[in-house]
Amino acid sequence: MSDVWGSNIKISIFGESHGAAIGVVIDGLPSGVALDTEHIRREMLRRAPGNDEFSTPRKEADEVEILSGVYDGKTTGSALCGIIRNTDTRSKDYRPHLLRPGHADFTAFVKYGGFSDPRGGGHFSGRLTAPLVFTGAIAKQILRARNVEINAKRIAPTDDEILSAKADGDSIGGAIECVINGVPTGVGAPIFGSVESKISAMMFSIPAVKAVEFGAGVAFAQMHGSEANDEFYVENGKILTKTNNNGGINGGISNGMPIVFRVTIKPTPSIAKPQNTVDIERMENTTIQIEGRHDPCIVPRAVVVIEAAAALCVLDLMEVSK
């Protein structure tokens, strides 16, 4: 069920939401990188559930146990494997025969012949982003040493909108903006190796991401060329642009300006409101009212996931561009 991402740095994420553990295998990391365990812990805590009123009450420490690829606190250059134990599962809340609207229950059932683990969404769960955050924390550390910084922020919804949806037994979607500073000019390639295509592919691998736009994005549809073009100028021997409508990318290649993109996150599909569905065992129409512990909005916890995914993309692109 798992697949491998990356050109130079390759990662494979494994496990299920209610299985014994989830984890990741990372191949291609440079050797001799001293892992900042405190930085990794802080990043994991940003994504971990049960820490505020906006997230599921499921409590997981999300502590990473490194099984290989590190010796005396430094990467060895061989494959690094890290696992995260699942400790607070409640599988009784799930009724596999009832297809949950908005989830992967139906498509997974068909693709894997009914053998995929449905508990908590199984391998399709947002919990599988925890190993991604661990991997991204390492990538961020390597990039910081190269003067590349990545910062994302929630731009929608507001706190009040999240709490209102929660009180109504519903959920709400939102958007996240990510800014990558310090990527040198010349990273990426035209067509299939473009910065946009690489980042977009990774972003769409994150559960619930439904749209990605760079720079002015969809606003380009209402612009003239005279507005959209980023005019060049020289300052202190460096070529810059007066605006950044193209989000730091021309022809699929970084132009030295900040790389800016936004992602749209769909509402959490698990909601308390009754919904129409199908009993797949009986092949009958029915209704479902989802029980269990779920985020009314996953956007706050997804911010660090977007940063982690962006860090992996940039590090992989910069390694390829060497």
# chains A, B, ... in the order shown; residues from 1 in each chain; ligands from 1
$ residues_around --residues "Gly173 of chain A" --least-positions-apart "2" --cutoff "8 Å" --atoms "only C-alpha atoms" --output "ChimeraX atom specification"
/A:156-157,171,175,264-268,297-299
$ select_by_dssp --residues "segment 144-279 of chain A" --states "helix (DSSP H, G or I)" --output "PyMOL selection string"
chain A and resi 144+159-167+191-193+195-203+217-222+225-228
$ residues_around --residues "Asn246 of chain A" --least-positions-apart "2" --cutoff "8 Å" --atoms "only C-alpha atoms" --output "ChimeraX atom specification"
/A:214-216,228-230,244,248-250
$ closest_atom_pairs --of "segment 91-194 of chain A" --to "segment 303-322 of chain A" --cutoff "8 Å" --atoms "only C-alpha atoms" --output "CSV"
residue,atom,partner,partner_atom,distance
A:Thr129,CA,A:Val305,CA,6.6
A:Ala130,CA,A:Val305,CA,7.9
A:Leu132,CA,A:Ala308,CA,6.6
A:Val133,CA,A:Ala308,CA,5.3
A:Phe134,CA,A:Ala308,CA,7.9
A:Thr135,CA,A:Ala308,CA,7.2
A:Gly136,CA,A:Ala308,CA,3.8
A:Ala137,CA,A:Ala308,CA,6.3
A:Ala139,CA,A:Ala311,CA,5.7
A:Lys140,CA,A:Ala311,CA,5.6
A:Ile142,CA,A:Leu315,CA,8.0
A:Leu143,CA,A:Leu315,CA,6.7
A:Ile150,CA,A:Glu307,CA,6.2
A:Asn151,CA,A:Glu307,CA,6.3
A:Ala152,CA,A:Val303,CA,5.9
A:Lys153,CA,A:Val303,CA,6.1
A:Arg154,CA,A:Val303,CA,6.6
A:Ile176,CA,A:Val303,CA,6.6
A:Cys178,CA,A:Glu307,CA,7.0
A:Val183,CA,A:Val314,CA,7.9
A:Gly186,CA,A:Ser321,CA,7.9
A:Val187,CA,A:Ser321,CA,5.8
A:Gly188,CA,A:Leu317,CA,6.1
$ residues_around --residues "Val70 of chain A" --least-positions-apart "5" --cutoff "8 Å" --atoms "only C-alpha atoms" --output "list of chain:residue names"
A:Thr75, A:Thr76, A:Leu80
$ decode --residues "segment 178-202 of chain A" --atoms "N, CA and C atoms" --output "PDB file, in the first residue's frame"
ATOM      1  N   CYS A 178       2.376  29.442   2.843  1.00  0.00           N
ATOM      2  CA  CYS A 178       3.749  29.062   3.184  1.00  0.00           C
ATOM      3  C   CYS A 178       4.728  29.938   2.408  1.00  0.00           C
ATOM      4  N   VAL A 179       5.738  30.439   3.122  1.00  0.00           N
ATOM      5  CA  VAL A 179       6.767  31.277   2.520  1.00  0.00           C
ATOM      6  C   VAL A 179       8.130  30.616   2.760  1.00  0.00           C
ATOM      7  N   ILE A 180       8.892  30.443   1.674  1.00  0.00           N
ATOM      8  CA  ILE A 180      10.220  29.828   1.745  1.00  0.00           C
ATOM      9  C   ILE A 180      11.245  30.876   1.362  1.00  0.00           C
ATOM     10  N   ASN A 181      12.066  31.260   2.310  1.00  0.00           N
ATOM     11  CA  ASN A 181      13.092  32.275   2.078  1.00  0.00           C
ATOM     12  C   ASN A 181      14.475  31.630   1.980  1.00  0.00           C
ATOM     13  N   GLY A 182      15.310  32.178   1.090  1.00  0.00           N
ATOM     14  CA  GLY A 182      16.700  31.750   1.022  1.00  0.00           C
ATOM     15  C   GLY A 182      17.032  30.724  -0.035  1.00  0.00           C
ATOM     16  N   VAL A 183      16.047  30.289  -0.814  1.00  0.00           N
ATOM     17  CA  VAL A 183      16.347  29.344  -1.893  1.00  0.00           C
ATOM     18  C   VAL A 183      17.116  30.090  -2.983  1.00  0.00           C
ATOM     19  N   PRO A 184      18.295  29.629  -3.330  1.00  0.00           N
ATOM     20  CA  PRO A 184      19.086  30.356  -4.332  1.00  0.00           C
ATOM     21  C   PRO A 184      18.447  30.306  -5.718  1.00  0.00           C
ATOM     22  N   THR A 185      18.811  31.255  -6.553  1.00  0.00           N
ATOM     23  CA  THR A 185      18.330  31.265  -7.934  1.00  0.00           C
ATOM     24  C   THR A 185      18.858  30.045  -8.677  1.00  0.00           C
ATOM     25  N   GLY A 186      18.001  29.453  -9.501  1.00  0.00           N
ATOM     26  CA  GLY A 186      18.451  28.352 -10.353  1.00  0.00           C
ATOM     27  C   GLY A 186      18.069  26.967  -9.886  1.00  0.00           C
ATOM     28  N   VAL A 187      17.279  26.859  -8.821  1.00  0.00           N
ATOM     29  CA  VAL A 187      16.843  25.543  -8.337  1.00  0.00           C
ATOM     30  C   VAL A 187      15.569  25.139  -9.074  1.00  0.00           C
ATOM     31  N   GLY A 188      15.515  23.890  -9.521  1.00  0.00           N
ATOM     32  CA  GLY A 188      14.356  23.401 -10.251  1.00  0.00           C
ATOM     33  C   GLY A 188      14.668  23.185 -11.719  1.00  0.00           C
ATOM     34  N   ALA A 189      13.638  22.873 -12.484  1.00  0.00           N
ATOM     35  CA  ALA A 189      13.807  22.597 -13.909  1.00  0.00           C
ATOM     36  C   ALA A 189      12.488  22.855 -14.617  1.00  0.00           C
ATOM     37  N   PRO A 190      12.530  23.094 -15.930  1.00  0.00           N
ATOM     38  CA  PRO A 190      11.273  23.305 -16.646  1.00  0.00           C
ATOM     39  C   PRO A 190      10.458  22.017 -16.743  1.00  0.00           C
ATOM     40  N   ILE A 191       9.181  22.172 -17.029  1.00  0.00           N
ATOM     41  CA  ILE A 191       8.236  21.069 -17.257  1.00  0.00           C
ATOM     42  C   ILE A 191       8.122  20.164 -16.027  1.00  0.00           C
ATOM     43  N   PHE A 192       8.548  18.915 -16.118  1.00  0.00           N
ATOM     44  CA  PHE A 192       8.270  17.925 -15.071  1.00  0.00           C
ATOM     45  C   PHE A 192       9.070  18.139 -13.788  1.00  0.00           C
ATOM     46  N   GLY A 193      10.194  18.794 -13.879  1.00  0.00           N
ATOM     47  CA  GLY A 193      11.011  19.010 -12.683  1.00  0.00           C
ATOM     48  C   GLY A 193      10.841  20.379 -12.081  1.00  0.00           C
ATOM     49  N   SER A 194       9.747  21.067 -12.418  1.00  0.00           N
ATOM     50  CA  SER A 194       9.560  22.434 -11.940  1.00  0.00           C
ATOM     51  C   SER A 194       9.335  22.476 -10.438  1.00  0.00           C
ATOM     52  N   VAL A 195       9.683  23.600  -9.838  1.00  0.00           N
ATOM     53  CA  VAL A 195       9.461  23.788  -8.406  1.00  0.00           C
ATOM     54  C   VAL A 195       7.972  23.643  -8.088  1.00  0.00           C
ATOM     55  N   GLU A 196       7.133  24.239  -8.956  1.00  0.00           N
ATOM     56  CA  GLU A 196       5.682  24.141  -8.723  1.00  0.00           C
ATOM     57  C   GLU A 196       5.191  22.699  -8.760  1.00  0.00           C
ATOM     58  N   SER A 197       5.643  21.934  -9.761  1.00  0.00           N
ATOM     59  CA  SER A 197       5.136  20.567  -9.892  1.00  0.00           C
ATOM     60  C   SER A 197       5.611  19.685  -8.749  1.00  0.00           C
ATOM     61  N   LYS A 198       6.840  19.877  -8.295  1.00  0.00           N
ATOM     62  CA  LYS A 198       7.370  19.082  -7.194  1.00  0.00           C
ATOM     63  C   LYS A 198       6.644  19.391  -5.889  1.00  0.00           C
ATOM     64  N   ILE A 199       6.485  20.693  -5.601  1.00  0.00           N
ATOM     65  CA  ILE A 199       5.801  21.073  -4.365  1.00  0.00           C
ATOM     66  C   ILE A 199       4.340  20.654  -4.418  1.00  0.00           C
ATOM     67  N   SER A 200       3.687  20.877  -5.548  1.00  0.00           N
ATOM     68  CA  SER A 200       2.270  20.515  -5.664  1.00  0.00           C
ATOM     69  C   SER A 200       2.053  19.026  -5.461  1.00  0.00           C
ATOM     70  N   ALA A 201       2.905  18.213  -6.068  1.00  0.00           N
ATOM     71  CA  ALA A 201       2.761  16.758  -5.924  1.00  0.00           C
ATOM     72  C   ALA A 201       2.843  16.351  -4.462  1.00  0.00           C
ATOM     73  N   MET A 202       3.782  16.939  -3.734  1.00  0.00           N
ATOM     74  CA  MET A 202       3.908  16.623  -2.316  1.00  0.00           C
ATOM     75  C   MET A 202       2.709  17.124  -1.527  1.00  0.00           C
TER      76      MET A 202
END
